[in-house]
Amino acid sequence: MHYPEPIAQLMESYMKLPGIGEKTAARLAFYTVNMQEEDVTRFAKSLISVKRDLQNCSICGNMTQNDPCDICEDKNRDQSVILVVEHTKDVISMEKMQDFKGLYHVLHGVLSPIEGTGPEDINIPVLIKRLQKDEVKEVILATNATVEGEATAMYLSRLIKPSGIKVTRLAHGLSIGSDIEYADEVTLLKAVEGRREM
């Protein structure tokens with residue numbers, strides 16, 4: 001079917017988003033056409049604002065409106081612990097927990113030789129410089145439990161440990177409320193390896 005040009009362009013824009021195919025893009029485009037003009041204007045301004053008004057913190061790499069970010073500027077946070085994550089959305093998830101009081105470092109990706117992503121392509125050099133001048137006693141590696149996330153954690157561990165800084169990894173394994181009989185072998189292995197004394 002041939003869509004009017006403005007709808008086709010809007011669909012093309014929506015299809016650039018992850019998980020949005022042609023049918024969903026068409027549905028979103030027609031929904032947008034039926035929105036109030038002021039809502040569409042607010043939506044468009046929001047899209048422009050996230051591109052213009054946000055930047056990465058020069059210290060930790062977290063997305064922020066101010067540089068340095070509010071977390072890095074907060075002197076009440078534990079300056080001796082840095083939790084390393086893959087993306088800004090991971091910082092947001094950790095902050096929702098409201099229990100971690102240390103600092104963060106956002107890598108903006110993981111090592112992936114298959115995709116040609118090396119240490120210089122993500123925010124590792126800034127982390128290493130940061131560890132050389134800050135009074136950091138522990139780095140918590142909180143990359144995802146994927147092949148690339150594990151490889152990145154192992155690389156960082158080998159890079160940081162010689163400096164005498166304690167390197168820890170988030171525990172992996174069974175989630176709260178899950179049954180052992182339904183867990184896969186890798187999850188069970190990680191649960192056993194990450195066991196702790198009670």
# chains A, B, ... in the order shown; residues from 1 in each chain; ligands from 1
call {"tool": "residues_around", "arguments": {"residues": "A:Val186", "least_positions_apart": "2", "cutoff": "12 Å", "atoms": "only C-alpha atoms", "output": "list of chain:residue names"}}
result
A:Ala145, A:Thr146, A:Val147, A:His172, A:Gly173, A:Leu174, A:Ile180, A:Tyr182, A:Ala183, A:Asp184, A:Leu188, A:Leu189, A:Lys190, A:Ala191, A:Val192, A:Glu193
call {"tool": "write_last_selection", "arguments": {"atoms": "all heavy atoms", "output": "compact mmCIF listing (two decimals), in the first residue's frame"}}
result
# COMPACT_ATOMS: atom_id res chain seq x y z
N ALA A 145 25.20 -10.54 32.42
CA ALA A 145 25.69 -11.92 32.42
C ALA A 145 25.59 -12.52 31.01
O ALA A 145 25.06 -13.60 30.80
CB ALA A 145 24.90 -12.76 33.42
N THR A 146 26.13 -11.80 30.03
CA THR A 146 26.21 -12.27 28.65
C THR A 146 27.67 -12.63 28.38
O THR A 146 28.54 -12.31 29.19
CB THR A 146 25.78 -11.18 27.66
OG1 THR A 146 26.65 -10.04 27.83
CG2 THR A 146 24.34 -10.74 27.91
N VAL A 147 27.94 -13.26 27.25
CA VAL A 147 29.32 -13.59 26.91
C VAL A 147 30.16 -12.33 26.87
O VAL A 147 31.26 -12.28 27.44
CB VAL A 147 29.37 -14.34 25.54
CG1 VAL A 147 30.80 -14.52 25.10
CG2 VAL A 147 28.67 -15.68 25.64
N HIS A 172 25.35 -13.68 40.50
CA HIS A 172 24.41 -14.17 39.49
C HIS A 172 23.82 -15.46 40.01
O HIS A 172 24.41 -16.15 40.82
CB HIS A 172 25.12 -14.47 38.17
CG HIS A 172 25.78 -13.29 37.56
ND1 HIS A 172 25.08 -12.25 37.01
CD2 HIS A 172 27.08 -12.96 37.43
CE1 HIS A 172 25.93 -11.35 36.55
NE2 HIS A 172 27.16 -11.76 36.80
N GLY A 173 22.67 -15.82 39.54
CA GLY A 173 22.09 -17.09 39.94
C GLY A 173 20.59 -17.03 39.99
O GLY A 173 19.95 -16.35 39.20
N LEU A 174 20.04 -17.76 40.95
CA LEU A 174 18.59 -17.88 41.06
C LEU A 174 17.96 -16.58 41.51
O LEU A 174 18.45 -15.92 42.42
CB LEU A 174 18.25 -18.99 42.06
CG LEU A 174 18.72 -20.39 41.70
CD1 LEU A 174 18.49 -21.34 42.86
CD2 LEU A 174 18.02 -20.88 40.46
N ILE A 180 14.33 -24.28 41.66
CA ILE A 180 15.57 -24.86 41.16
C ILE A 180 15.31 -25.75 39.95
O ILE A 180 16.08 -25.75 38.99
CB ILE A 180 16.29 -25.63 42.29
CG1 ILE A 180 16.82 -24.63 43.32
CG2 ILE A 180 17.41 -26.50 41.74
CD1 ILE A 180 17.45 -25.26 44.53
N TYR A 182 13.43 -25.50 37.52
CA TYR A 182 13.22 -24.80 36.24
C TYR A 182 14.44 -24.00 35.79
O TYR A 182 14.44 -23.42 34.71
CB TYR A 182 12.00 -23.88 36.33
CG TYR A 182 10.73 -24.63 36.64
CD1 TYR A 182 10.03 -24.39 37.82
CD2 TYR A 182 10.24 -25.60 35.78
CE1 TYR A 182 8.87 -25.09 38.12
CE2 TYR A 182 9.09 -26.31 36.06
CZ TYR A 182 8.41 -26.05 37.23
OH TYR A 182 7.28 -26.75 37.52
N ALA A 183 15.47 -23.94 36.61
CA ALA A 183 16.66 -23.16 36.27
C ALA A 183 17.57 -23.95 35.33
O ALA A 183 17.69 -25.17 35.44
CB ALA A 183 17.42 -22.79 37.55
N ASP A 184 18.23 -23.24 34.41
CA ASP A 184 19.17 -23.89 33.50
C ASP A 184 20.50 -24.13 34.22
O ASP A 184 20.73 -23.62 35.31
CB ASP A 184 19.37 -23.05 32.23
CG ASP A 184 19.98 -21.71 32.53
OD1 ASP A 184 21.22 -21.64 32.53
OD2 ASP A 184 19.23 -20.75 32.78
N LEU A 188 22.27 -22.28 37.57
CA LEU A 188 22.55 -23.06 38.78
C LEU A 188 24.03 -23.00 39.15
O LEU A 188 24.38 -22.85 40.32
CB LEU A 188 22.10 -24.51 38.61
CG LEU A 188 20.59 -24.73 38.64
CD1 LEU A 188 20.26 -26.18 38.29
CD2 LEU A 188 20.01 -24.36 39.98
N LEU A 189 24.90 -23.10 38.14
CA LEU A 189 26.34 -23.03 38.39
C LEU A 189 26.70 -21.68 39.01
O LEU A 189 27.43 -21.60 40.00
CB LEU A 189 27.13 -23.25 37.10
CG LEU A 189 28.64 -23.08 37.20
CD1 LEU A 189 29.24 -24.14 38.12
CD2 LEU A 189 29.28 -23.16 35.83
N LYS A 190 26.18 -20.59 38.45
CA LYS A 190 26.46 -19.26 38.97
C LYS A 190 25.91 -19.11 40.39
O LYS A 190 26.52 -18.46 41.24
CB LYS A 190 25.86 -18.17 38.07
CG LYS A 190 26.53 -18.07 36.72
CD LYS A 190 27.93 -17.58 36.86
CE LYS A 190 28.59 -17.39 35.51
NZ LYS A 190 29.99 -17.01 35.63
N ALA A 191 24.76 -19.71 40.66
CA ALA A 191 24.19 -19.65 42.00
C ALA A 191 25.08 -20.37 43.02
O ALA A 191 25.30 -19.87 44.12
CB ALA A 191 22.78 -20.25 42.00
N VAL A 192 25.60 -21.52 42.64
CA VAL A 192 26.48 -22.26 43.54
C VAL A 192 27.79 -21.50 43.73
O VAL A 192 28.28 -21.37 44.85
CB VAL A 192 26.74 -23.70 43.00
CG1 VAL A 192 27.83 -24.40 43.80
CG2 VAL A 192 25.45 -24.51 43.02
N GLU A 193 28.35 -20.97 42.65
CA GLU A 193 29.62 -20.23 42.75
C GLU A 193 29.46 -18.96 43.58
O GLU A 193 30.38 -18.54 44.28
CB GLU A 193 30.13 -19.86 41.35
CG GLU A 193 30.65 -21.03 40.56
CD GLU A 193 31.02 -20.64 39.13
OE1 GLU A 193 30.63 -19.54 38.65
OE2 GLU A 193 31.68 -21.45 38.46
call {"tool": "closest_residue", "arguments": {"among": "A:Ser46, A:Arg158, A:Leu10, A:Pro125", "to": "A:Tyr31", "atoms": "only C-alpha atoms"}}
result
A:Leu10
call {"tool": "select_by_dssp", "arguments": {"residues": "stretch 40-91 of chain A", "states": "alpha helix (DSSP H)", "output": "PyMOL selection string"}}
result
chain A and resi 40-52+70-73+88-91
call {"tool": "residues_around", "arguments": {"residues": "A:Ser80", "least_positions_apart": "4", "cutoff": "9 Å", "atoms": "only C-alpha atoms", "output": "PyMOL selection string"}}
result
chain A and resi 102-103+134-139
call {"tool": "residues_around", "arguments": {"residues": "A:Phe100", "least_positions_apart": "5", "cutoff": "12 Å", "atoms": "only C-alpha atoms", "output": "number ranges by chain"}}
result
A: 71, 76-79, 81-83, 91-95, 140
call {"tool": "write_last_selection", "arguments": {"atoms": "N, CA and C atoms", "output": "PDB file, in the first residue's frame"}}
result
ATOM      1  N   ILE A  71      25.207  12.735  40.707  1.00  0.00           N
ATOM      2  CA  ILE A  71      25.770  11.644  41.509  1.00  0.00           C
ATOM      3  C   ILE A  71      27.244  11.916  41.797  1.00  0.00           C
ATOM      4  N   ASN A  76      28.060  13.232  49.724  1.00  0.00           N
ATOM      5  CA  ASN A  76      27.561  12.285  50.721  1.00  0.00           C
ATOM      6  C   ASN A  76      27.682  10.832  50.242  1.00  0.00           C
ATOM      7  N   ARG A  77      27.979  10.639  48.965  1.00  0.00           N
ATOM      8  CA  ARG A  77      28.117   9.280  48.439  1.00  0.00           C
ATOM      9  C   ARG A  77      29.496   8.749  48.787  1.00  0.00           C
ATOM     10  N   ASP A  78      29.604   7.429  48.878  1.00  0.00           N
ATOM     11  CA  ASP A  78      30.862   6.769  49.209  1.00  0.00           C
ATOM     12  C   ASP A  78      31.816   6.878  48.017  1.00  0.00           C
ATOM     13  N   GLN A  79      32.818   7.715  48.143  1.00  0.00           N
ATOM     14  CA  GLN A  79      33.767   7.980  47.055  1.00  0.00           C
ATOM     15  C   GLN A  79      34.757   6.833  46.844  1.00  0.00           C
ATOM     16  N   VAL A  81      33.948   3.586  46.451  1.00  0.00           N
ATOM     17  CA  VAL A  81      33.367   2.452  45.717  1.00  0.00           C
ATOM     18  C   VAL A  81      32.793   2.942  44.389  1.00  0.00           C
ATOM     19  N   ILE A  82      33.195   2.273  43.307  1.00  0.00           N
ATOM     20  CA  ILE A  82      32.653   2.580  41.976  1.00  0.00           C
ATOM     21  C   ILE A  82      32.007   1.322  41.413  1.00  0.00           C
ATOM     22  N   LEU A  83      30.753   1.441  41.008  1.00  0.00           N
ATOM     23  CA  LEU A  83      30.024   0.345  40.385  1.00  0.00           C
ATOM     24  C   LEU A  83      30.043   0.588  38.873  1.00  0.00           C
ATOM     25  N   VAL A  91      22.344   2.428  35.527  1.00  0.00           N
ATOM     26  CA  VAL A  91      22.473   3.341  36.672  1.00  0.00           C
ATOM     27  C   VAL A  91      21.083   3.631  37.234  1.00  0.00           C
ATOM     28  N   ILE A  92      20.149   3.897  36.345  1.00  0.00           N
ATOM     29  CA  ILE A  92      18.778   4.199  36.767  1.00  0.00           C
ATOM     30  C   ILE A  92      18.188   3.015  37.530  1.00  0.00           C
ATOM     31  N   SER A  93      18.418   1.803  37.043  1.00  0.00           N
ATOM     32  CA  SER A  93      17.923   0.604  37.735  1.00  0.00           C
ATOM     33  C   SER A  93      18.537   0.476  39.119  1.00  0.00           C
ATOM     34  N   MET A  94      19.834   0.701  39.231  1.00  0.00           N
ATOM     35  CA  MET A  94      20.507   0.602  40.533  1.00  0.00           C
ATOM     36  C   MET A  94      20.019   1.691  41.485  1.00  0.00           C
ATOM     37  N   GLU A  95      19.783   2.878  40.979  1.00  0.00           N
ATOM     38  CA  GLU A  95      19.319   3.974  41.824  1.00  0.00           C
ATOM     39  C   GLU A  95      17.901   3.727  42.327  1.00  0.00           C
ATOM     40  N   ILE A 140      33.080  -2.490  41.693  1.00  0.00           N
ATOM     41  CA  ILE A 140      32.083  -3.545  41.540  1.00  0.00           C
ATOM     42  C   ILE A 140      31.740  -3.643  40.059  1.00  0.00           C
TER      43      ILE A 140
END
call {"tool": "atom_distance", "arguments": {"atom1": "atom CA of A:Ala29", "atom2": "atom CA of A:Ile7"}}
result
6.2 Å
call {"tool": "closest_residue", "arguments": {"among": "A:Ala44, A:Met11, A:Met63, A:Cys72", "to": "A:Leu28", "atoms": "only C-alpha atoms"}}
result
A:Met11
call {"tool": "select_by_dssp", "arguments": {"residues": "chain A", "states": "strand (DSSP E or B)", "output": "VMD selection string"}}
result
chain A and resid 55 to 56 63 to 64 81 to 85 103 to 106 112 117 138 to 141 166 to 169
call {"tool": "atom_distance", "arguments": {"atom1": "atom CA of A:Lys166", "atom2": "atom CA of A:Gln132"}}
result
13.8 Å
call {"tool": "closest_residue", "arguments": {"among": "A:Gly61, A:Asp179, A:Arg130, A:Pro119", "to": "A:Ala153", "atoms": "only C-alpha atoms"}}
result
A:Pro119
call {"tool": "residues_around", "arguments": {"residues": "A:Ile122", "least_positions_apart": "4", "cutoff": "6 Å", "atoms": "only C-alpha atoms", "output": "list in words"}}
result
Leu107, His108 and Gly109 of chain A
call {"tool": "write_last_selection", "arguments": {"atoms": "C-alpha atoms", "output": "tab-separated table (two decimals), in the first residue's frame"}}
result
chain	number	residue	atom	x	y	z
A	107	LEU	CA	31.04	1.99	29.87
A	108	HIS	CA	28.58	2.69	27.03
A	109	GLY	CA	28.91	-0.86	25.77
call {"tool": "atom_distance", "arguments": {"atom1": "atom CA of A:Lys16", "atom2": "atom CA of A:Phe43"}}
result
16.7 Å
call {"tool": "decode", "arguments": {"residues": "stretch 55-92 of chain A", "atoms": "N, CA and C atoms", "output": "mmCIF file, in the first residue's frame"}}
result
data_model
loop_
_atom_site.group_PDB
_atom_site.id
_atom_site.type_symbol
_atom_site.label_atom_id
_atom_site.label_comp_id
_atom_site.auth_asym_id
_atom_site.auth_seq_id
_atom_site.Cartn_x
_atom_site.Cartn_y
_atom_site.Cartn_z
ATOM 1 N N GLN A 55 23.979 15.220 27.953
ATOM 2 C CA GLN A 55 25.374 14.942 27.618
ATOM 3 C C GLN A 55 25.874 13.854 28.556
ATOM 4 N N ASN A 56 27.037 13.339 28.294
ATOM 5 C CA ASN A 56 27.646 12.368 29.194
ATOM 6 C C ASN A 56 28.506 13.090 30.213
ATOM 7 N N CYS A 57 28.389 12.675 31.466
ATOM 8 C CA CYS A 57 29.208 13.240 32.531
ATOM 9 C C CYS A 57 30.680 12.986 32.203
ATOM 10 N N SER A 58 31.504 13.992 32.346
ATOM 11 C CA SER A 58 32.932 13.854 32.023
ATOM 12 C C SER A 58 33.673 12.978 33.027
ATOM 13 N N ILE A 59 33.077 12.724 34.186
ATOM 14 C CA ILE A 59 33.711 11.888 35.201
ATOM 15 C C ILE A 59 33.293 10.431 35.048
ATOM 16 N N CYS A 60 31.976 10.176 35.076
ATOM 17 C CA CYS A 60 31.492 8.793 35.108
ATOM 18 C C CYS A 60 30.868 8.304 33.809
ATOM 19 N N GLY A 61 30.524 9.204 32.905
ATOM 20 C CA GLY A 61 29.909 8.800 31.643
ATOM 21 C C GLY A 61 28.399 8.681 31.701
ATOM 22 N N ASN A 62 27.787 8.947 32.855
ATOM 23 C CA ASN A 62 26.335 8.860 32.987
ATOM 24 C C ASN A 62 25.686 9.998 32.203
ATOM 25 N N MET A 63 24.483 9.749 31.704
ATOM 26 C CA MET A 63 23.747 10.774 30.969
ATOM 27 C C MET A 63 23.243 11.825 31.957
ATOM 28 N N THR A 64 23.437 13.086 31.607
ATOM 29 C CA THR A 64 23.093 14.161 32.533
ATOM 30 C C THR A 64 22.805 15.462 31.797
ATOM 31 N N GLN A 65 22.141 16.367 32.493
ATOM 32 C CA GLN A 65 21.959 17.717 31.967
ATOM 33 C C GLN A 65 23.116 18.602 32.404
ATOM 34 N N ASN A 66 23.723 18.282 33.558
ATOM 35 C CA ASN A 66 24.823 19.079 34.109
ATOM 36 C C ASN A 66 26.099 18.250 34.117
ATOM 37 N N ASP A 67 27.224 18.890 33.890
ATOM 38 C CA ASP A 67 28.503 18.188 33.921
ATOM 39 C C ASP A 67 29.388 18.837 34.976
ATOM 40 N N PRO A 68 29.809 18.102 35.991
ATOM 41 C CA PRO A 68 29.549 16.689 36.270
ATOM 42 C C PRO A 68 28.110 16.445 36.722
ATOM 43 N N CYS A 69 27.729 15.168 36.698
ATOM 44 C CA CYS A 69 26.359 14.788 37.035
ATOM 45 C C CYS A 69 26.106 14.931 38.536
ATOM 46 N N ASP A 70 24.844 14.873 38.925
ATOM 47 C CA ASP A 70 24.459 15.034 40.331
ATOM 48 C C ASP A 70 25.075 13.955 41.222
ATOM 49 N N ILE A 71 25.207 12.735 40.707
ATOM 50 C CA ILE A 71 25.770 11.644 41.509
ATOM 51 C C ILE A 71 27.244 11.916 41.797
ATOM 52 N N CYS A 72 28.007 12.290 40.783
ATOM 53 C CA CYS A 72 29.432 12.591 40.994
ATOM 54 C C CYS A 72 29.628 13.804 41.898
ATOM 55 N N GLU A 73 28.715 14.744 41.865
ATOM 56 C CA GLU A 73 28.808 15.963 42.677
ATOM 57 C C GLU A 73 28.386 15.741 44.127
ATOM 58 N N ASP A 74 27.672 14.653 44.395
ATOM 59 C CA ASP A 74 27.137 14.388 45.730
ATOM 60 C C ASP A 74 28.246 13.901 46.659
ATOM 61 N N LYS A 75 28.703 14.760 47.564
ATOM 62 C CA LYS A 75 29.799 14.435 48.487
ATOM 63 C C LYS A 75 29.366 13.480 49.601
ATOM 64 N N ASN A 76 28.060 13.232 49.724
ATOM 65 C CA ASN A 76 27.561 12.285 50.721
ATOM 66 C C ASN A 76 27.682 10.832 50.242
ATOM 67 N N ARG A 77 27.979 10.639 48.965
ATOM 68 C CA ARG A 77 28.117 9.280 48.439
ATOM 69 C C ARG A 77 29.496 8.749 48.787
ATOM 70 N N ASP A 78 29.604 7.429 48.878
ATOM 71 C CA ASP A 78 30.862 6.769 49.209
ATOM 72 C C ASP A 78 31.816 6.878 48.017
ATOM 73 N N GLN A 79 32.818 7.715 48.143
ATOM 74 C CA GLN A 79 33.767 7.980 47.055
ATOM 75 C C GLN A 79 34.757 6.833 46.844
ATOM 76 N N SER A 80 34.749 5.849 47.747
ATOM 77 C CA SER A 80 35.723 4.769 47.668
ATOM 78 C C SER A 80 35.223 3.559 46.882
ATOM 79 N N VAL A 81 33.948 3.586 46.451
ATOM 80 C CA VAL A 81 33.367 2.452 45.717
ATOM 81 C C VAL A 81 32.793 2.942 44.389
ATOM 82 N N ILE A 82 33.195 2.273 43.307
ATOM 83 C CA ILE A 82 32.653 2.580 41.976
ATOM 84 C C ILE A 82 32.007 1.322 41.413
ATOM 85 N N LEU A 83 30.753 1.441 41.008
ATOM 86 C CA LEU A 83 30.024 0.345 40.385
ATOM 87 C C LEU A 83 30.043 0.588 38.873
ATOM 88 N N VAL A 84 30.596 -0.357 38.126
ATOM 89 C CA VAL A 84 30.757 -0.214 36.680
ATOM 90 C C VAL A 84 29.596 -0.905 35.975
ATOM 91 N N VAL A 85 28.884 -0.157 35.116
ATOM 92 C CA VAL A 85 27.738 -0.694 34.377
ATOM 93 C C VAL A 85 27.930 -0.478 32.874
ATOM 94 N N GLU A 86 27.114 -1.155 32.093
ATOM 95 C CA GLU A 86 27.209 -1.043 30.639
ATOM 96 C C GLU A 86 26.569 0.234 30.103
ATOM 97 N N HIS A 87 25.386 0.593 30.634
ATOM 98 C CA HIS A 87 24.610 1.698 30.064
ATOM 99 C C HIS A 87 23.985 2.564 31.152
ATOM 100 N N THR A 88 23.589 3.777 30.780
ATOM 101 C CA THR A 88 22.928 4.703 31.702
ATOM 102 C C THR A 88 21.685 4.080 32.313
ATOM 103 N N LYS A 89 20.936 3.312 31.540
ATOM 104 C CA LYS A 89 19.710 2.718 32.085
ATOM 105 C C LYS A 89 20.029 1.767 33.237
ATOM 106 N N ASP A 90 21.254 1.221 33.275
ATOM 107 C CA ASP A 90 21.660 0.373 34.402
ATOM 108 C C ASP A 90 21.848 1.210 35.671
ATOM 109 N N VAL A 91 22.344 2.428 35.527
ATOM 110 C CA VAL A 91 22.473 3.341 36.672
ATOM 111 C C VAL A 91 21.083 3.631 37.234
ATOM 112 N N ILE A 92 20.149 3.897 36.345
ATOM 113 C CA ILE A 92 18.778 4.199 36.767
ATOM 114 C C ILE A 92 18.188 3.015 37.530
#
